[in-house]
Amino acid sequence: MSLRFVLDPELTPDLRTRIVALWVDVTNAGGAVGFVAPVTGDEVRTIADPTLAGIADGPDRLLLGYDGDRLVAMAILTDPRFHLKRHLRVLTRVMVHPDTQGHGVGDALMREAERVARDLGLAALHVTVRDGLRLDRFYRRLGYREVGRWPAALRVGPGDDRDEILMWLGLTGGSAGR
């Protein structure tokens, strides 16, 4: 697999459709990207449209990963929109197409997000993780550390509340790196 990454592509109607399709495929395969399976494109668009507006019109940055011309990965470097947090970004909507998992795409996506963040002069990256899917192990392997939990913050179904795990990657040697 030959991956290439694109930062801040033009959000054409075709690309928006491809992003929603990726989001649907990831969710319906059990991915924790804001929905619980089964989900449709119309449901995903309720979140995708304002999310993509924050990229097109705002301070958020979109990172896409391609295998050839096929969109296989995505992450958003989301600005916290608070002046005391200008030095960091929250990684949101981190996803890898299910049929590419286990081939290093997730690692490559996260390493590219880290490179972009360093190039932007950021001090840290933050990600939240749905407990119960072992995603925290993936992020720990990449150098992220757990810095907190919100108990039962995510209700994924009746009687199925999950912790939201807060994870952090310091990019500098200063206090943000602790």
# chains A, B, ... in the order shown; residues from 1 in each chain; ligands from 1
$ residues_around --residues "Arg130 of chain A" --least-positions-apart "6" --cutoff "7 Å" --atoms "only C-alpha atoms" --output "mmCIF file with C-alpha atoms, in the first residue's frame"
data_model
loop_
_atom_site.group_PDB
_atom_site.id
_atom_site.type_symbol
_atom_site.label_atom_id
_atom_site.label_comp_id
_atom_site.auth_asym_id
_atom_site.auth_seq_id
_atom_site.Cartn_x
_atom_site.Cartn_y
_atom_site.Cartn_z
ATOM 1 C CA ALA A 32 -15.843 5.129 17.318
ATOM 2 C CA ARG A 162 -18.641 4.188 28.284
ATOM 3 C CA ASP A 163 -15.869 6.261 29.741
ATOM 4 C CA GLU A 164 -14.327 8.894 27.523
ATOM 5 C CA ILE A 165 -10.559 8.612 27.840
#
$ residues_around --residues "Gly54 of chain A" --least-positions-apart "4" --cutoff "12 Å" --atoms "only C-alpha atoms" --output "list of chain:residue names"
A:Asp8, A:Leu11, A:Ile47, A:Ala48, A:Asp49, A:Pro50, A:Gly58, A:Pro59, A:Asp60, A:Arg61, A:Leu62, A:Ile76, A:Leu77, A:Thr78, A:Asp79, A:Pro80, A:Arg81
$ atom_distance --atom1 "atom CA of Leu135 of chain A" --atom2 "atom CA of Met167 of chain A"
10.6 Å
$ closest_residue --among "A:Asp67, A:Val116, A:Pro38, A:Thr17" --to "His103 of chain A" --atoms "only C-alpha atoms"
A:Asp67
$ select_by_dssp --residues "chain A" --states "alpha helix (DSSP H)" --output "NGL selection string"
:A and (13-28 or 41-56 or 105-119 or 135-141)
$ residues_around --residues "Ser2 of chain A" --least-positions-apart "2" --cutoff "9 Å" --atoms "only C-alpha atoms" --output "PyMOL selection string"
chain A and resi 4+66-68
$ write_last_selection --atoms "all heavy atoms" --output "short mmCIF file (atom, residue, chain, number, x, y, z; two decimals), in the first residue's frame"
data_model
loop_
_atom_site.label_atom_id
_atom_site.label_comp_id
_atom_site.auth_asym_id
_atom_site.auth_seq_id
_atom_site.Cartn_x
_atom_site.Cartn_y
_atom_site.Cartn_z
N ARG A 4 -0.37 8.41 0.54
CA ARG A 4 0.02 9.82 0.42
C ARG A 4 -0.99 10.62 1.23
O ARG A 4 -2.17 10.23 1.34
CB ARG A 4 0.09 10.28 -1.02
CG ARG A 4 -1.21 10.42 -1.73
CD ARG A 4 -1.06 10.91 -3.18
NE ARG A 4 -2.31 10.74 -3.88
CZ ARG A 4 -3.32 11.60 -3.85
NH1 ARG A 4 -3.19 12.73 -3.20
NH2 ARG A 4 -4.44 11.34 -4.50
N TYR A 66 -4.60 8.84 1.33
CA TYR A 66 -5.05 8.15 0.11
C TYR A 66 -4.14 6.97 -0.20
O TYR A 66 -2.92 7.06 -0.03
CB TYR A 66 -4.98 9.11 -1.09
CG TYR A 66 -6.00 10.21 -1.06
CD1 TYR A 66 -5.72 11.41 -0.43
CD2 TYR A 66 -7.24 10.06 -1.67
CE1 TYR A 66 -6.64 12.44 -0.41
CE2 TYR A 66 -8.17 11.08 -1.66
CZ TYR A 66 -7.87 12.27 -1.02
OH TYR A 66 -8.79 13.28 -1.01
N ASP A 67 -4.76 5.91 -0.68
CA ASP A 67 -4.05 4.79 -1.29
C ASP A 67 -4.39 4.91 -2.77
O ASP A 67 -5.52 4.59 -3.18
CB ASP A 67 -4.51 3.47 -0.70
CG ASP A 67 -3.83 2.27 -1.34
OD1 ASP A 67 -2.77 2.45 -1.98
OD2 ASP A 67 -4.35 1.15 -1.21
N GLY A 68 -3.46 5.39 -3.57
CA GLY A 68 -3.78 5.74 -4.95
C GLY A 68 -4.74 6.91 -4.93
O GLY A 68 -4.48 7.93 -4.29
#
$ closest_residue --among "A:Thr51, A:Leu64, A:Arg89, A:Phe35" --to "Ala117 of chain A" --atoms "only C-alpha atoms"
A:Arg89
$ closest_residue --among "A:Leu22, A:Leu171, A:Met110, A:Val94" --to "Arg70 of chain A" --atoms "only C-alpha atoms"
A:Leu22
$ atom_distance --atom1 "atom CA of Arg155 of chain A" --atom2 "atom CA of Gly132 of chain A"
12.2 Å
$ residues_around --residues "Val105 of chain A" --least-positions-apart "2" --cutoff "9 Å" --atoms "only C-alpha atoms" --output "PyMOL selection string"
chain A and resi 1+3+65+72-73+96-97+100-103+107-110
$ select_by_dssp --residues "segment 45-161 of chain A" --states "strand (DSSP E)" --output "MDAnalysis selection string"
chainID A and resid 61:67 70:78 88:96 124:130 145:157 160:161
$ atom_distance --atom1 "atom CA of Arg145 of chain A" --atom2 "atom CA of Trp168 of chain A"
5.4 Å
$ closest_residue --among "A:Val24, A:Leu142, A:Met95, A:Leu71" --to "Leu125 of chain A" --atoms "only C-alpha atoms"
A:Leu142
$ residues_around --residues "segment 158-161 of chain A" --least-positions-apart "4" --cutoff "10 Å" --atoms "only C-alpha atoms" --output "MDAnalysis selection string"
chainID A and resid 130:132 151:154
